[in-house]
Amino acid sequence: MNVTIAPSSVAGTARAPPSKSYTHRAILAAGYADEAIVRDALWSADTRATARAVDLFGGDVDRRENGTLEIEGFDGRPEVPADVIDCANSGTTMRLVTAAAALADGTSVLTGDESLRSRPQGPLLEALGDLSATAYSTRGNGQAPLVVTGPLAGGDVSIPGDVSSQYITALLMAGAVTEDGLEIELETELKSAPYVDITLEVLADFGVEARTTDAGFAVDGGQSYAPAGGEYAVPGDFSSISYPLAAGAIAGEGGVRIEGAQPSAQGDSAIVDIVERMGADVDWDREAGTIDVSRAFLSGIEVDVEDTPDLLPTIATLGAVADGDTHITNAEHVRYKETDRVSAMAEELGKMGVETTEERDSLTVHGGSSELEGATVRGRADHRIIMALALAGLVADGETTIEGADHVDVSFPGFFGLLEELGADLERRE
Ligand SMILES: O=C(O)C1=C[C@@H](OP(=O)(O)O)[C@@H](O)[C@H](O)C1
Ligand SMILES: C=C(OP(=O)(O)O)C(=O)O
């Protein structure tokens with residue numbers, strides 16, 4: 001699907017979709033449990049991949065009409081899957097499920113789409129191999145397809161922290177049901193650290209204790225997953241909220257209200273502060289979970305995305321509209337996502353007349369020098385690139401066509417419907 005957006009202003013109320021990160025963890029935690037109910041779950045291409053893995057491990061994820069997931073777990077002991085586990089486009093699924101597969105008494109095979117088969121899995125495979133499992137890449141390049149043979153007893157392991165925090169999440173979630181537990185030593189500084197905080201929060205909500213240590217993290221073995229009252233509810237997604245929030249800041253003449261924005265462990269709630277620092281008029285009522293934003297004159301700022309890699313595409317678009325330079329630093333790990341998002345935003349915004357300076361670890365967007373020009377841009381099969389370019393289309397001069405826009409299904413299936421409801425003038429073509 002291609003989407004063409006004409007210059008538009010936006011106004012009205014947007015409901016935040018449920019958090020993708022919390023949903024993945026809740027589905028898998030329910031899998032590790034005997035049974036659990038997960039309310040307000042995100043049902044998207046990525047979270048369906050995690051649900052499929054739980055099914056293949058011998059659990060059963062049943063989605064009711066109201067969106068509630070009734071999950072029968074595999075009770076800490078995954079079966080050897082009867083089929084290859086297809087993680088589709090989801091890095092979170094592949095990392096979390098690789099560690100779960102290492103608990104099975106036999107061999108699992110994991111694969112994914114072309115993008116996922118190019119992302120780094122090596123450090124996690126090595127960590128599992130250093131424990132009692134066997135884990136390797138079929139091509140010997142640290143990328144999927146992956147073959148994992150368990151079982152895993154637990155022990156001490158070390159792993160880099162600057163490639164993906166998902167390795168830590170994966171080890172902590174699996175470690176809790178090993179015999180001996182896991183002591184995880186970080187070999188390098190941890191990037192994307194708030195995602196491990198999300199994990200610790202979900203584990204605690206499922207009655208599992210894990211902790212930070214001087215060297216990294218630790219989890220005792222022999223624990224059971226069970227949420228209080230048998231139920232768990234997923235909060236709203238701040239990475240997704242970044243798009244209507246930025247739309248309001250650049251094109252929200254009538255003001256945009258976002259609902260479902262209760263505080264949680266998500267580092268990406270930093271987007272509220274970022275748009276405010278750029279000069280937008282923002283009011284976040286944390287108790288009510290509402291954010292009100294309206295259009296204002298924006299100025300470029302410096303933003304460190306070490307903790308918040310998924311915000312880079314949104315910040316790049318905000319920087320393109322703002323006056324002056326927006327300097328996005330600590331961004332190397334943003335190159336290991338569905339696409340190399342640093343280059344992708346530099347190149348696609350470049351087609352719209354925006355000048356950028358790209359370095360290995362940073363992106364500077366030289367905003368405000370001239371008006372954005374409508375252009376045909378490539379979505380690069382990356383949901384966040386597509387959504388960030390759609391924002392640019394709201395304020396560009398002339399029409400902007402985003403090729404391959406269907407991939408928003410990965411994290412925000414209702415994205416274009418929501419933009420339309422807010423008043424955006426857009427057309428979909430199959
Ligand atoms: O654990 C998670 O839910 C995620 C962790 C982050 O990845 P990295 O830890 O690989 O940076 C983030 O980019 C991804 O969208 C979701
Ligand atoms: C990088 C992302 O997710 P994942 O790592 O799960 O593919 C994302 O949602 O931006």
# chains A, B, ... in the order shown; residues from 1 in each chain; ligands from 1
$ residues_near_ligand --ligand "ligand 1" --cutoff "9 Å" --atoms "only C-alpha atoms and all ligand atoms" --output "ChimeraX atom specification"
/A:19-25,90-93,95-96,161-170,190-196,198-199,239,306-311,333-334,336-337
$ residues_around --residues "stretch 314-322 of chain A" --least-positions-apart "2" --cutoff "7 Å" --atoms "only C-alpha atoms" --output "count of residues only"
19
$ residues_around --residues "stretch 44-50 of chain A" --least-positions-apart "2" --cutoff "6 Å" --atoms "only C-alpha atoms" --output "MDAnalysis selection string"
chainID A and resid 24 42 52:53 87 90 93 409:411
$ write_last_selection --atoms "N, CA and C atoms" --output "mmCIF file, in the first residue's frame"
data_model
loop_
_atom_site.group_PDB
_atom_site.id
_atom_site.type_symbol
_atom_site.label_atom_id
_atom_site.label_comp_id
_atom_site.auth_asym_id
_atom_site.auth_seq_id
_atom_site.Cartn_x
_atom_site.Cartn_y
_atom_site.Cartn_z
ATOM 1 N N HIS A 24 4.468 -7.792 24.492
ATOM 2 C CA HIS A 24 5.350 -8.949 24.243
ATOM 3 C C HIS A 24 5.675 -9.663 25.554
ATOM 4 N N LEU A 42 -1.792 -5.146 22.916
ATOM 5 C CA LEU A 42 -1.640 -4.713 21.520
ATOM 6 C C LEU A 42 -1.707 -5.960 20.644
ATOM 7 N N ARG A 52 2.321 -16.623 18.664
ATOM 8 C CA ARG A 52 2.529 -17.876 17.909
ATOM 9 C C ARG A 52 3.608 -18.728 18.575
ATOM 10 N N ALA A 53 4.645 -18.064 19.078
ATOM 11 C CA ALA A 53 5.725 -18.816 19.732
ATOM 12 C C ALA A 53 5.202 -19.504 20.992
ATOM 13 N N CYS A 87 9.366 -15.437 13.531
ATOM 14 C CA CYS A 87 9.280 -14.211 14.342
ATOM 15 C C CYS A 87 8.958 -12.992 13.476
ATOM 16 N N SER A 90 9.869 -9.045 14.052
ATOM 17 C CA SER A 90 9.964 -8.620 15.449
ATOM 18 C C SER A 90 11.256 -9.040 16.151
ATOM 19 N N THR A 93 10.517 -10.426 19.672
ATOM 20 C CA THR A 93 10.102 -11.832 19.673
ATOM 21 C C THR A 93 11.319 -12.731 19.518
ATOM 22 N N ASP A 409 1.444 -1.854 10.544
ATOM 23 C CA ASP A 409 0.808 -2.991 11.209
ATOM 24 C C ASP A 409 1.698 -3.622 12.299
ATOM 25 N N VAL A 410 2.996 -3.368 12.232
ATOM 26 C CA VAL A 410 3.944 -3.952 13.190
ATOM 27 C C VAL A 410 3.698 -3.447 14.619
ATOM 28 N N SER A 411 3.373 -2.157 14.750
ATOM 29 C CA SER A 411 3.217 -1.612 16.109
ATOM 30 C C SER A 411 1.978 -0.742 16.292
#
$ closest_residue --among "A:Ala99, A:Ser264, A:Ala104, A:Ala41" --to "A:Phe57" --atoms "only C-alpha atoms"
A:Ala104
$ atom_distance --atom1 "atom CA of A:Ala233" --atom2 "atom CA of A:Ile184"
28.5 Å
$ residues_around --residues "A:Asp285" --least-positions-apart "5" --cutoff "9 Å" --atoms "only C-alpha atoms" --output "list in words"
Ala261, Gln262, Thr290, Ile291 and Asp292 of chain A
$ atom_distance --atom1 "atom CA of A:Asn89" --atom2 "atom CA of A:Gln121"
13.9 Å
$ closest_residue --among "A:Glu189, A:Glu179, A:Leu172, A:Pro263" --to "A:Glu209" --atoms "only C-alpha atoms"
A:Leu172
$ closest_residue --among "A:Thr138, A:Ser240, A:Ser9, A:Thr329" --to "ligand 2" --atoms "only C-alpha atoms and all ligand atoms"
A:Ser240
$ residues_around --residues "A:Thr212" --least-positions-apart "6" --cutoff "10 Å" --atoms "only C-alpha atoms" --output "PyMOL selection string"
chain A and resi 183-184+196-197+200+218-219
$ write_last_selection --atoms "C-alpha atoms" --output "PDB file, in the first residue's frame"
ATOM      1  CA  GLU A 183      23.928 -13.912  37.123  1.00  0.00           C
ATOM      2  CA  ILE A 184      24.392 -11.610  34.126  1.00  0.00           C
ATOM      3  CA  VAL A 196      15.110  -3.638  31.073  1.00  0.00           C
ATOM      4  CA  ASP A 197      13.217  -1.569  33.664  1.00  0.00           C
ATOM      5  CA  LEU A 200      11.753  -5.882  35.812  1.00  0.00           C
ATOM      6  CA  ALA A 218      20.505 -11.394  38.473  1.00  0.00           C
ATOM      7  CA  VAL A 219      17.483 -13.628  38.726  1.00  0.00           C
TER       8      VAL A 219
END
$ select_by_dssp --residues "stretch 98-230 of chain A" --states "strand (DSSP E or B)" --output "PDB file with C-alpha atoms, in the first residue's frame"
ATOM      1  CA  THR A 107      15.890 -28.283  19.258  1.00  0.00           C
ATOM      2  CA  SER A 108      13.992 -25.192  18.080  1.00  0.00           C
ATOM      3  CA  VAL A 109      14.488 -23.310  14.821  1.00  0.00           C
ATOM      4  CA  LEU A 110      13.716 -19.579  14.600  1.00  0.00           C
ATOM      5  CA  THR A 111      13.529 -17.384  11.547  1.00  0.00           C
ATOM      6  CA  THR A 134      23.748 -25.008  22.078  1.00  0.00           C
ATOM      7  CA  ALA A 135      22.783 -22.016  19.963  1.00  0.00           C
ATOM      8  CA  TYR A 136      23.979 -21.063  16.510  1.00  0.00           C
ATOM      9  CA  SER A 137      23.208 -19.129  13.367  1.00  0.00           C
ATOM     10  CA  LEU A 146      18.832 -19.720  14.421  1.00  0.00           C
ATOM     11  CA  VAL A 147      19.030 -23.222  15.878  1.00  0.00           C
ATOM     12  CA  VAL A 148      18.744 -23.557  19.650  1.00  0.00           C
ATOM     13  CA  THR A 149      19.015 -26.763  21.681  1.00  0.00           C
ATOM     14  CA  GLY A 155      24.684 -20.103  35.819  1.00  0.00           C
ATOM     15  CA  ASP A 156      26.928 -17.075  35.304  1.00  0.00           C
ATOM     16  CA  VAL A 157      27.153 -15.370  31.948  1.00  0.00           C
ATOM     17  CA  SER A 158      28.559 -12.171  30.473  1.00  0.00           C
ATOM     18  CA  ILE A 159      27.176 -10.225  27.503  1.00  0.00           C
ATOM     19  CA  LEU A 182      21.295 -16.473  36.177  1.00  0.00           C
ATOM     20  CA  GLU A 183      23.928 -13.912  37.123  1.00  0.00           C
ATOM     21  CA  ILE A 184      24.392 -11.610  34.126  1.00  0.00           C
ATOM     22  CA  GLU A 185      27.530  -9.524  33.859  1.00  0.00           C
ATOM     23  CA  LEU A 186      27.480  -6.578  31.432  1.00  0.00           C
ATOM     24  CA  ALA A 210      14.906 -10.115  39.434  1.00  0.00           C
ATOM     25  CA  ARG A 211      17.409  -7.443  40.416  1.00  0.00           C
ATOM     26  CA  THR A 212      20.216  -5.169  39.339  1.00  0.00           C
ATOM     27  CA  GLY A 216      24.606  -6.212  35.786  1.00  0.00           C
ATOM     28  CA  PHE A 217      21.494  -8.214  36.633  1.00  0.00           C
ATOM     29  CA  ALA A 218      20.505 -11.394  38.473  1.00  0.00           C
ATOM     30  CA  VAL A 219      17.483 -13.628  38.726  1.00  0.00           C
TER      31      VAL A 219
END
$ atom_distance --atom1 "atom CA of A:Ser8" --atom2 "atom CA of A:Leu245"
15.1 Å
$ residues_around --residues "A:Val395" --least-positions-apart "3" --cutoff "8 Å" --atoms "only C-alpha atoms" --output "list of chain:residue names"
A:Pro7, A:Ser8, A:Ile250, A:Ala251, A:Leu372, A:Leu391, A:Ala392
$ residues_around --residues "A:Glu259" --least-positions-apart "3" --cutoff "12 Å" --atoms "only C-alpha atoms" --output "compact mmCIF listing (two decimals) with N, CA and C atoms, in the first residue's frame"
# COMPACT_ATOMS: atom_id res chain seq x y z
N GLY A 12 -8.19 17.25 17.60
CA GLY A 12 -9.08 16.22 18.13
C GLY A 12 -8.38 15.34 19.14
N THR A 13 -9.02 14.17 19.40
CA THR A 13 -8.53 13.29 20.46
C THR A 13 -8.02 11.99 19.87
N ALA A 14 -6.84 11.57 20.35
CA ALA A 14 -6.23 10.33 19.88
C ALA A 14 -6.05 9.41 21.08
N ARG A 15 -6.41 8.13 20.93
CA ARG A 15 -6.21 7.16 22.01
C ARG A 15 -4.90 6.43 21.74
N ALA A 16 -4.00 6.38 22.74
CA ALA A 16 -2.72 5.68 22.55
C ALA A 16 -2.97 4.19 22.39
N PRO A 17 -2.35 3.55 21.41
CA PRO A 17 -2.45 2.09 21.36
C PRO A 17 -1.69 1.48 22.54
N PRO A 18 -2.03 0.23 22.90
CA PRO A 18 -1.32 -0.41 24.01
C PRO A 18 0.16 -0.62 23.68
N PRO A 235 -0.27 -1.01 29.69
CA PRO A 235 -0.45 0.45 29.58
C PRO A 235 -0.29 0.94 28.13
N GLY A 236 -0.54 2.23 27.91
CA GLY A 236 -0.42 2.83 26.57
C GLY A 236 1.05 2.93 26.14
N ASP A 237 1.26 3.07 24.83
CA ASP A 237 2.60 3.00 24.24
C ASP A 237 3.14 4.40 23.93
N PHE A 238 4.23 4.77 24.61
CA PHE A 238 4.77 6.12 24.39
C PHE A 238 5.55 6.26 23.09
N SER A 240 4.48 4.97 20.32
CA SER A 240 3.35 5.27 19.41
C SER A 240 2.79 6.66 19.69
N ILE A 241 2.73 7.04 20.96
CA ILE A 241 2.21 8.37 21.31
C ILE A 241 3.07 9.46 20.66
N PRO A 244 1.23 11.04 17.23
CA PRO A 244 0.20 12.09 17.36
C PRO A 244 0.69 13.31 18.13
N LEU A 245 1.63 13.07 19.07
CA LEU A 245 2.16 14.21 19.83
C LEU A 245 2.95 15.14 18.90
N VAL A 256 -4.37 18.95 19.92
CA VAL A 256 -4.57 17.48 19.92
C VAL A 256 -4.50 17.01 21.36
N GLN A 262 -0.80 7.19 30.72
CA GLN A 262 -0.40 7.06 32.13
C GLN A 262 1.10 6.81 32.22
N PRO A 263 1.77 7.34 33.23
CA PRO A 263 3.20 7.08 33.37
C PRO A 263 3.48 5.60 33.59
N TRP A 284 0.89 17.60 30.21
CA TRP A 284 0.68 16.17 30.51
C TRP A 284 0.06 16.04 31.89
N ASP A 285 -1.19 15.61 31.94
CA ASP A 285 -1.85 15.30 33.21
C ASP A 285 -1.60 13.82 33.49
N ARG A 286 -0.61 13.55 34.32
CA ARG A 286 -0.17 12.15 34.52
C ARG A 286 -1.26 11.30 35.16
N GLU A 287 -2.02 11.90 36.06
CA GLU A 287 -3.04 11.12 36.74
C GLU A 287 -4.17 10.74 35.79
N ALA A 288 -4.60 11.72 35.00
CA ALA A 288 -5.69 11.45 34.04
C ALA A 288 -5.16 10.68 32.83
N GLY A 289 -3.84 10.71 32.62
CA GLY A 289 -3.27 10.02 31.45
C GLY A 289 -3.58 10.75 30.15
N THR A 290 -3.66 12.08 30.23
CA THR A 290 -3.92 12.85 28.99
C THR A 290 -2.76 13.80 28.72
N ILE A 291 -2.49 13.98 27.44
CA ILE A 291 -1.50 14.97 27.02
C ILE A 291 -2.19 15.90 26.02
N ASP A 292 -2.11 17.20 26.28
CA ASP A 292 -2.65 18.18 25.33
C ASP A 292 -1.49 18.89 24.67
N VAL A 293 -1.57 19.01 23.36
CA VAL A 293 -0.48 19.65 22.63
C VAL A 293 -1.08 20.50 21.51
$ closest_residue --among "A:Asp273, A:Asp130, A:Glu420, A:Asp268" --to "ligand 2" --atoms "only C-alpha atoms and all ligand atoms"
A:Asp268
